[in-house]
Amino acid sequence: MVLGELGQRITASFRRLNQAPIIDDDLLDEVLKEIAAALLHADVNVRYVSELRSNVKKRVLLESDASGVNKRKLIQKAVVEELVRLVSTDRKPYKLEKGKCNIIMFVGLQGSGKTTTCTKYAHHYNRKGWKTALVCADTFRAGAFDQLKQNASKVRIPFYGDYNETDPVKIAEEGVELFKKEKYDLIIVDTSGRHKQEAALFDEMQQVAEVVSPNDTIFIMDSHIGQACFDQAKAFREVVDIGSVIITKLDGHAKGGGALSAVSATNSPIIFLGTGEHFDEFQPFDAQSFVSRLLGMGDLKGLFQTITEAMPLDKQPELLNKISKGRFSLRDLYEQFQNLQKMGPMSQLMQMIPGMSNLMPAGAEKEGVKRIKRFMVIMDSMTDAELDCEAQLNDSRKLRIAKGAGSSILEVNLLIDEYKRMEKMVGKMGKSGLFGKGGDLTQLQRNPGQVGRPVEKQSDGHLGTWRLDVTMEIG
């Protein structure tokens, strides 16, 4: 989990608050001191930490005397809202328009992961059905052309660059014009990495911006340099109009909080987080969802969005109708395994489910994906009647299925056990009225927290993570 240690330390402070018999000023000071120490350890700017402590104390003093106020919930809610404010901005990000040519220019420091992030960004939208293209206008760094070309070929996205041309302005102009003529929805221009002290490169960046007229300029911020991001971001903002920010290398680095708080220098919203080297390790950023996942409370809104993208609801009315009635077959499980593989890394999905963020230890994700693929091979060996649960799986059938899949009866039994757990959970979800009377998700959209209850009950209480009382406040 991004900034996992920070989330664990803040959660521990909230747990202490919940367990205390009396909430007095001394305990409030101690809890806020612990939270401040956790934020400082994550390299968050001391000024923002001081503001957070002050704002929480003021709010608690103003509202705690009102009748019927739960002081524990009030403190938790105040801290959560201050954390959201810390990583938010009033400025709205540029909204891409399908059917129109959107030109996006990437700028940032050398070594910030800009070229890889260009490919991740293109791949993210390409998977959503956008016609995307990449332009390499980085002539300063040796190997930039080859890197972007290789990345583009891996994700099958058209690429433009010129080995022999040394003028990045000309390359950017020609590349953008070419893809404009071919009516691409999204054209991404990768520029040279530069430092605030390199005046010539900053002039070049301005020239590229003038010829391509980008709809949005995205600043790539390297979390490894922590609070040092602030001065660099400020210098870039003075030269070009930065519309959005992507923070890279947030996987397991202690200084990530410094980069998050340094975004204020650009007065631009964070739109994505880079959480690894692979192209699918790229998360859309929403301040409330990020804080919710950080504190182990899940992100059901994000989970719902991810599910609908991988499994469009208008294409799955039959399945939704079955689930609303509590019916679930092995064929349905097979289809959901297929959809699961389209949803990105499993660890990200686990973080979106309340109480399940710590259930996947490091290295377990590959094993989980491998197991799902083995289960799918076993189900490929079943007859239609067996997949539709119209035929009972006796020992002779299990033996035939195992032989056909090159597997063992033990693995077949593991699949059946997994299916029975899922069937039981779907039954509870159907009885809860989660999907409404018409077999849709309108009820879930109104109150997404409802889905957490059957999931948590089905897990037999072994979630291992404390859930905040304010889940619904930010869900």
# chains A, B, ... in the order shown; residues from 1 in each chain; ligands from 1
call {"tool": "select_by_dssp", "arguments": {"residues": "range 28-164 of chain A", "states": "alpha helix (DSSP H)", "output": "ChimeraX atom specification"}}
result
/A:28-41,46-63,71-86,114-127,144-154
call {"tool": "residues_around", "arguments": {"residues": "range 218-225 of chain A", "least_positions_apart": "2", "cutoff": "7 Å", "atoms": "only C-alpha atoms", "output": "PDB file with N, CA and C atoms, in the first residue's frame"}}
result
ATOM      1  N   MET A 105       0.831  17.487 -22.810  1.00  0.00           N
ATOM      2  CA  MET A 105       2.291  17.604 -22.755  1.00  0.00           C
ATOM      3  C   MET A 105       2.787  17.233 -21.361  1.00  0.00           C
ATOM      4  N   PHE A 106       3.795  16.359 -21.300  1.00  0.00           N
ATOM      5  CA  PHE A 106       4.387  15.926 -20.034  1.00  0.00           C
ATOM      6  C   PHE A 106       5.698  16.668 -19.786  1.00  0.00           C
ATOM      7  N   VAL A 107       5.840  17.243 -18.582  1.00  0.00           N
ATOM      8  CA  VAL A 107       7.079  17.925 -18.202  1.00  0.00           C
ATOM      9  C   VAL A 107       7.514  17.419 -16.821  1.00  0.00           C
ATOM     10  N   GLY A 108       8.802  17.579 -16.503  1.00  0.00           N
ATOM     11  CA  GLY A 108       9.285  17.149 -15.190  1.00  0.00           C
ATOM     12  C   GLY A 108      10.795  17.090 -15.132  1.00  0.00           C
ATOM     13  N   SER A 112      12.560  11.423 -13.229  1.00  0.00           N
ATOM     14  CA  SER A 112      11.320  11.388 -12.436  1.00  0.00           C
ATOM     15  C   SER A 112      10.377  10.266 -12.870  1.00  0.00           C
ATOM     16  N   LYS A 114       9.213  10.107 -16.119  1.00  0.00           N
ATOM     17  CA  LYS A 114       8.288  10.781 -17.043  1.00  0.00           C
ATOM     18  C   LYS A 114       7.964   9.936 -18.267  1.00  0.00           C
ATOM     19  N   ASP A 216      -3.616  20.287 -21.913  1.00  0.00           N
ATOM     20  CA  ASP A 216      -3.223  20.129 -20.509  1.00  0.00           C
ATOM     21  C   ASP A 216      -1.722  19.858 -20.448  1.00  0.00           C
ATOM     22  N   GLN A 227      10.165  16.787   0.009  1.00  0.00           N
ATOM     23  CA  GLN A 227       9.790  18.203   0.022  1.00  0.00           C
ATOM     24  C   GLN A 227      10.574  19.046  -0.981  1.00  0.00           C
ATOM     25  N   ALA A 228      11.691  18.514  -1.498  1.00  0.00           N
ATOM     26  CA  ALA A 228      12.454  19.240  -2.521  1.00  0.00           C
ATOM     27  C   ALA A 228      11.628  19.446  -3.789  1.00  0.00           C
ATOM     28  N   CYS A 229      10.531  18.661  -3.912  1.00  0.00           N
ATOM     29  CA  CYS A 229       9.616  18.833  -5.054  1.00  0.00           C
ATOM     30  C   CYS A 229       9.038  20.246  -5.102  1.00  0.00           C
ATOM     31  N   ILE A 242       0.861  24.624 -15.555  1.00  0.00           N
ATOM     32  CA  ILE A 242       0.679  23.220 -15.155  1.00  0.00           C
ATOM     33  C   ILE A 242      -0.781  23.008 -14.771  1.00  0.00           C
ATOM     34  N   GLY A 243      -1.422  22.075 -15.493  1.00  0.00           N
ATOM     35  CA  GLY A 243      -2.848  21.829 -15.244  1.00  0.00           C
ATOM     36  C   GLY A 243      -3.101  20.675 -14.297  1.00  0.00           C
ATOM     37  N   SER A 244      -2.172  19.697 -14.278  1.00  0.00           N
ATOM     38  CA  SER A 244      -2.353  18.488 -13.455  1.00  0.00           C
ATOM     39  C   SER A 244      -0.992  17.968 -12.996  1.00  0.00           C
ATOM     40  N   VAL A 245      -1.027  17.083 -12.000  1.00  0.00           N
ATOM     41  CA  VAL A 245       0.197  16.496 -11.447  1.00  0.00           C
ATOM     42  C   VAL A 245       0.035  14.984 -11.355  1.00  0.00           C
ATOM     43  N   ILE A 246       1.104  14.264 -11.714  1.00  0.00           N
ATOM     44  CA  ILE A 246       1.160  12.817 -11.474  1.00  0.00           C
ATOM     45  C   ILE A 246       2.366  12.565 -10.573  1.00  0.00           C
ATOM     46  N   ILE A 247       2.152  11.874  -9.456  1.00  0.00           N
ATOM     47  CA  ILE A 247       3.249  11.564  -8.530  1.00  0.00           C
ATOM     48  C   ILE A 247       3.716  10.135  -8.797  1.00  0.00           C
ATOM     49  N   THR A 248       5.033   9.984  -9.003  1.00  0.00           N
ATOM     50  CA  THR A 248       5.588   8.677  -9.362  1.00  0.00           C
ATOM     51  C   THR A 248       6.401   8.077  -8.213  1.00  0.00           C
ATOM     52  N   LYS A 249       6.692   6.779  -8.353  1.00  0.00           N
ATOM     53  CA  LYS A 249       7.568   6.039  -7.429  1.00  0.00           C
ATOM     54  C   LYS A 249       7.070   6.072  -5.989  1.00  0.00           C
ATOM     55  N   LEU A 250       5.757   5.984  -5.818  1.00  0.00           N
ATOM     56  CA  LEU A 250       5.186   6.011  -4.468  1.00  0.00           C
ATOM     57  C   LEU A 250       5.191   4.638  -3.798  1.00  0.00           C
ATOM     58  N   HIS A 253       7.957   4.131  -0.439  1.00  0.00           N
ATOM     59  CA  HIS A 253       8.966   5.140  -0.110  1.00  0.00           C
ATOM     60  C   HIS A 253       8.464   6.073   0.977  1.00  0.00           C
ATOM     61  N   LYS A 255       9.251   9.116   1.777  1.00  0.00           N
ATOM     62  CA  LYS A 255       9.132  10.544   1.513  1.00  0.00           C
ATOM     63  C   LYS A 255       7.914  10.913   0.667  1.00  0.00           C
ATOM     64  N   GLY A 256       7.022   9.955   0.418  1.00  0.00           N
ATOM     65  CA  GLY A 256       5.858  10.210  -0.418  1.00  0.00           C
ATOM     66  C   GLY A 256       4.985  11.336   0.099  1.00  0.00           C
ATOM     67  N   ALA A 259       6.029  14.747  -1.228  1.00  0.00           N
ATOM     68  CA  ALA A 259       5.587  15.023  -2.594  1.00  0.00           C
ATOM     69  C   ALA A 259       4.109  15.389  -2.629  1.00  0.00           C
TER      70      ALA A 259
END
call {"tool": "residues_around", "arguments": {"residues": "Ala37 in chain A", "least_positions_apart": "6", "cutoff": "10 Å", "atoms": "only C-alpha atoms", "output": "PyMOL selection string"}}
result
chain A and resi 6+9-10+31+43-44+46+49
call {"tool": "write_last_selection", "arguments": {"atoms": "C-alpha atoms", "output": "mmCIF file, in the first residue's frame"}}
result
data_model
loop_
_atom_site.group_PDB
_atom_site.id
_atom_site.type_symbol
_atom_site.label_atom_id
_atom_site.label_comp_id
_atom_site.auth_asym_id
_atom_site.auth_seq_id
_atom_site.Cartn_x
_atom_site.Cartn_y
_atom_site.Cartn_z
ATOM 1 C CA LEU A 6 1.667 6.328 7.631
ATOM 2 C CA ARG A 9 0.295 4.796 12.497
ATOM 3 C CA ILE A 10 -2.731 7.083 12.103
ATOM 4 C CA VAL A 31 -3.433 11.606 19.719
ATOM 5 C CA ASP A 43 8.084 13.936 5.091
ATOM 6 C CA VAL A 44 4.934 16.096 5.040
ATOM 7 C CA VAL A 46 5.908 20.921 8.970
ATOM 8 C CA VAL A 49 1.215 19.418 9.895
#
call {"tool": "closest_residue", "arguments": {"among": "A:Glu182, A:Val84, A:Lys154, A:Val426", "to": "Lys325 in chain A", "atoms": "only C-alpha atoms"}}
result
A:Val426
call {"tool": "atom_distance", "arguments": {"atom1": "CA of Phe230 in chain A", "atom2": "CA of Gln283 in chain A"}}
result
22.2 Å
call {"tool": "closest_residue", "arguments": {"among": "A:Val377, A:Ala391, A:Leu295, A:Leu86", "to": "Lys403 in chain A", "atoms": "only C-alpha atoms"}}
result
A:Val377
call {"tool": "residues_around", "arguments": {"residues": "range 408-413 of chain A", "least_positions_apart": "3", "cutoff": "8 Å", "atoms": "only C-alpha atoms", "output": "number ranges by chain"}}
result
A: 375, 378, 398-399, 401-403, 416-417
call {"tool": "write_last_selection", "arguments": {"atoms": "C-alpha atoms", "output": "mmCIF file, in the first residue's frame"}}
result
data_model
loop_
_atom_site.group_PDB
_atom_site.id
_atom_site.type_symbol
_atom_site.label_atom_id
_atom_site.label_comp_id
_atom_site.auth_asym_id
_atom_site.auth_seq_id
_atom_site.Cartn_x
_atom_site.Cartn_y
_atom_site.Cartn_z
ATOM 1 C CA PHE A 375 -9.299 -22.686 -11.340
ATOM 2 C CA ILE A 378 -10.375 -26.784 -14.152
ATOM 3 C CA LYS A 398 -14.334 -34.779 -10.029
ATOM 4 C CA LEU A 399 -11.811 -37.406 -11.179
ATOM 5 C CA ILE A 401 -12.509 -33.045 -14.429
ATOM 6 C CA ALA A 402 -9.120 -33.316 -12.685
ATOM 7 C CA LYS A 403 -7.694 -35.573 -15.424
ATOM 8 C CA ILE A 416 -15.703 -26.113 -5.124
ATOM 9 C CA ASP A 417 -15.035 -24.773 -1.601
#
call {"tool": "decode", "arguments": {"residues": "range 41-100 of chain A", "atoms": "C-alpha atoms", "output": "PDB file, in the first residue's frame"}}
result
ATOM      1  CA  HIS A  41       7.976  10.880   9.408  1.00  0.00           C
ATOM      2  CA  ALA A  42       6.337  10.611   5.948  1.00  0.00           C
ATOM      3  CA  ASP A  43       8.084  13.936   5.091  1.00  0.00           C
ATOM      4  CA  VAL A  44       4.934  16.096   5.040  1.00  0.00           C
ATOM      5  CA  ASN A  45       5.824  19.793   5.318  1.00  0.00           C
ATOM      6  CA  VAL A  46       5.908  20.921   8.970  1.00  0.00           C
ATOM      7  CA  ARG A  47       3.740  23.967   8.205  1.00  0.00           C
ATOM      8  CA  TYR A  48       0.900  21.759   6.904  1.00  0.00           C
ATOM      9  CA  VAL A  49       1.215  19.418   9.895  1.00  0.00           C
ATOM     10  CA  SER A  50       0.962  22.380  12.276  1.00  0.00           C
ATOM     11  CA  GLU A  51      -2.112  23.669  10.417  1.00  0.00           C
ATOM     12  CA  LEU A  52      -3.757  20.230  10.619  1.00  0.00           C
ATOM     13  CA  ARG A  53      -3.269  20.034  14.425  1.00  0.00           C
ATOM     14  CA  SER A  54      -4.549  23.566  14.917  1.00  0.00           C
ATOM     15  CA  ASN A  55      -7.627  23.115  12.686  1.00  0.00           C
ATOM     16  CA  VAL A  56      -8.633  19.827  14.330  1.00  0.00           C
ATOM     17  CA  LYS A  57      -8.326  21.310  17.835  1.00  0.00           C
ATOM     18  CA  LYS A  58     -10.371  24.376  16.875  1.00  0.00           C
ATOM     19  CA  ARG A  59     -13.140  22.272  15.356  1.00  0.00           C
ATOM     20  CA  VAL A  60     -13.317  19.910  18.334  1.00  0.00           C
ATOM     21  CA  LEU A  61     -13.504  22.852  20.762  1.00  0.00           C
ATOM     22  CA  LEU A  62     -16.252  24.536  18.740  1.00  0.00           C
ATOM     23  CA  GLU A  63     -18.440  21.468  18.125  1.00  0.00           C
ATOM     24  CA  SER A  64     -17.845  19.137  21.083  1.00  0.00           C
ATOM     25  CA  ASP A  65     -20.131  21.077  23.463  1.00  0.00           C
ATOM     26  CA  ALA A  66     -23.186  20.575  21.242  1.00  0.00           C
ATOM     27  CA  SER A  67     -25.680  18.044  22.592  1.00  0.00           C
ATOM     28  CA  GLY A  68     -25.586  14.534  21.133  1.00  0.00           C
ATOM     29  CA  VAL A  69     -22.107  14.915  19.599  1.00  0.00           C
ATOM     30  CA  ASN A  70     -19.924  11.809  19.685  1.00  0.00           C
ATOM     31  CA  LYS A  71     -16.492  13.256  20.465  1.00  0.00           C
ATOM     32  CA  ARG A  72     -14.605  10.218  19.142  1.00  0.00           C
ATOM     33  CA  LYS A  73     -16.337  10.409  15.757  1.00  0.00           C
ATOM     34  CA  LEU A  74     -15.912  14.182  15.688  1.00  0.00           C
ATOM     35  CA  ILE A  75     -12.117  13.933  16.155  1.00  0.00           C
ATOM     36  CA  GLN A  76     -11.788  11.135  13.591  1.00  0.00           C
ATOM     37  CA  LYS A  77     -13.922  12.981  11.062  1.00  0.00           C
ATOM     38  CA  ALA A  78     -11.986  16.226  11.577  1.00  0.00           C
ATOM     39  CA  VAL A  79      -8.619  14.478  11.043  1.00  0.00           C
ATOM     40  CA  VAL A  80      -9.882  12.670   7.925  1.00  0.00           C
ATOM     41  CA  GLU A  81     -11.228  15.905   6.413  1.00  0.00           C
ATOM     42  CA  GLU A  82      -7.942  17.725   7.131  1.00  0.00           C
ATOM     43  CA  LEU A  83      -6.002  14.900   5.440  1.00  0.00           C
ATOM     44  CA  VAL A  84      -8.302  15.188   2.411  1.00  0.00           C
ATOM     45  CA  ARG A  85      -7.740  18.960   2.345  1.00  0.00           C
ATOM     46  CA  LEU A  86      -3.966  18.404   2.497  1.00  0.00           C
ATOM     47  CA  VAL A  87      -3.940  16.523  -0.814  1.00  0.00           C
ATOM     48  CA  SER A  88      -6.712  18.508  -2.530  1.00  0.00           C
ATOM     49  CA  THR A  89      -6.923  21.703  -4.540  1.00  0.00           C
ATOM     50  CA  ASP A  90      -9.841  23.877  -5.629  1.00  0.00           C
ATOM     51  CA  ARG A  91      -8.703  23.707  -9.251  1.00  0.00           C
ATOM     52  CA  LYS A  92     -10.423  21.053 -11.364  1.00  0.00           C
ATOM     53  CA  PRO A  93      -8.320  18.852 -13.694  1.00  0.00           C
ATOM     54  CA  TYR A  94      -8.718  19.057 -17.455  1.00  0.00           C
ATOM     55  CA  LYS A  95     -11.440  16.696 -18.644  1.00  0.00           C
ATOM     56  CA  LEU A  96     -10.581  14.734 -21.778  1.00  0.00           C
ATOM     57  CA  GLU A  97     -13.242  14.845 -24.502  1.00  0.00           C
ATOM     58  CA  LYS A  98     -13.759  11.789 -26.675  1.00  0.00           C
ATOM     59  CA  GLY A  99     -14.159  12.531 -30.370  1.00  0.00           C
ATOM     60  CA  LYS A 100     -11.968  15.615 -30.008  1.00  0.00           C
TER      61      LYS A 100
END
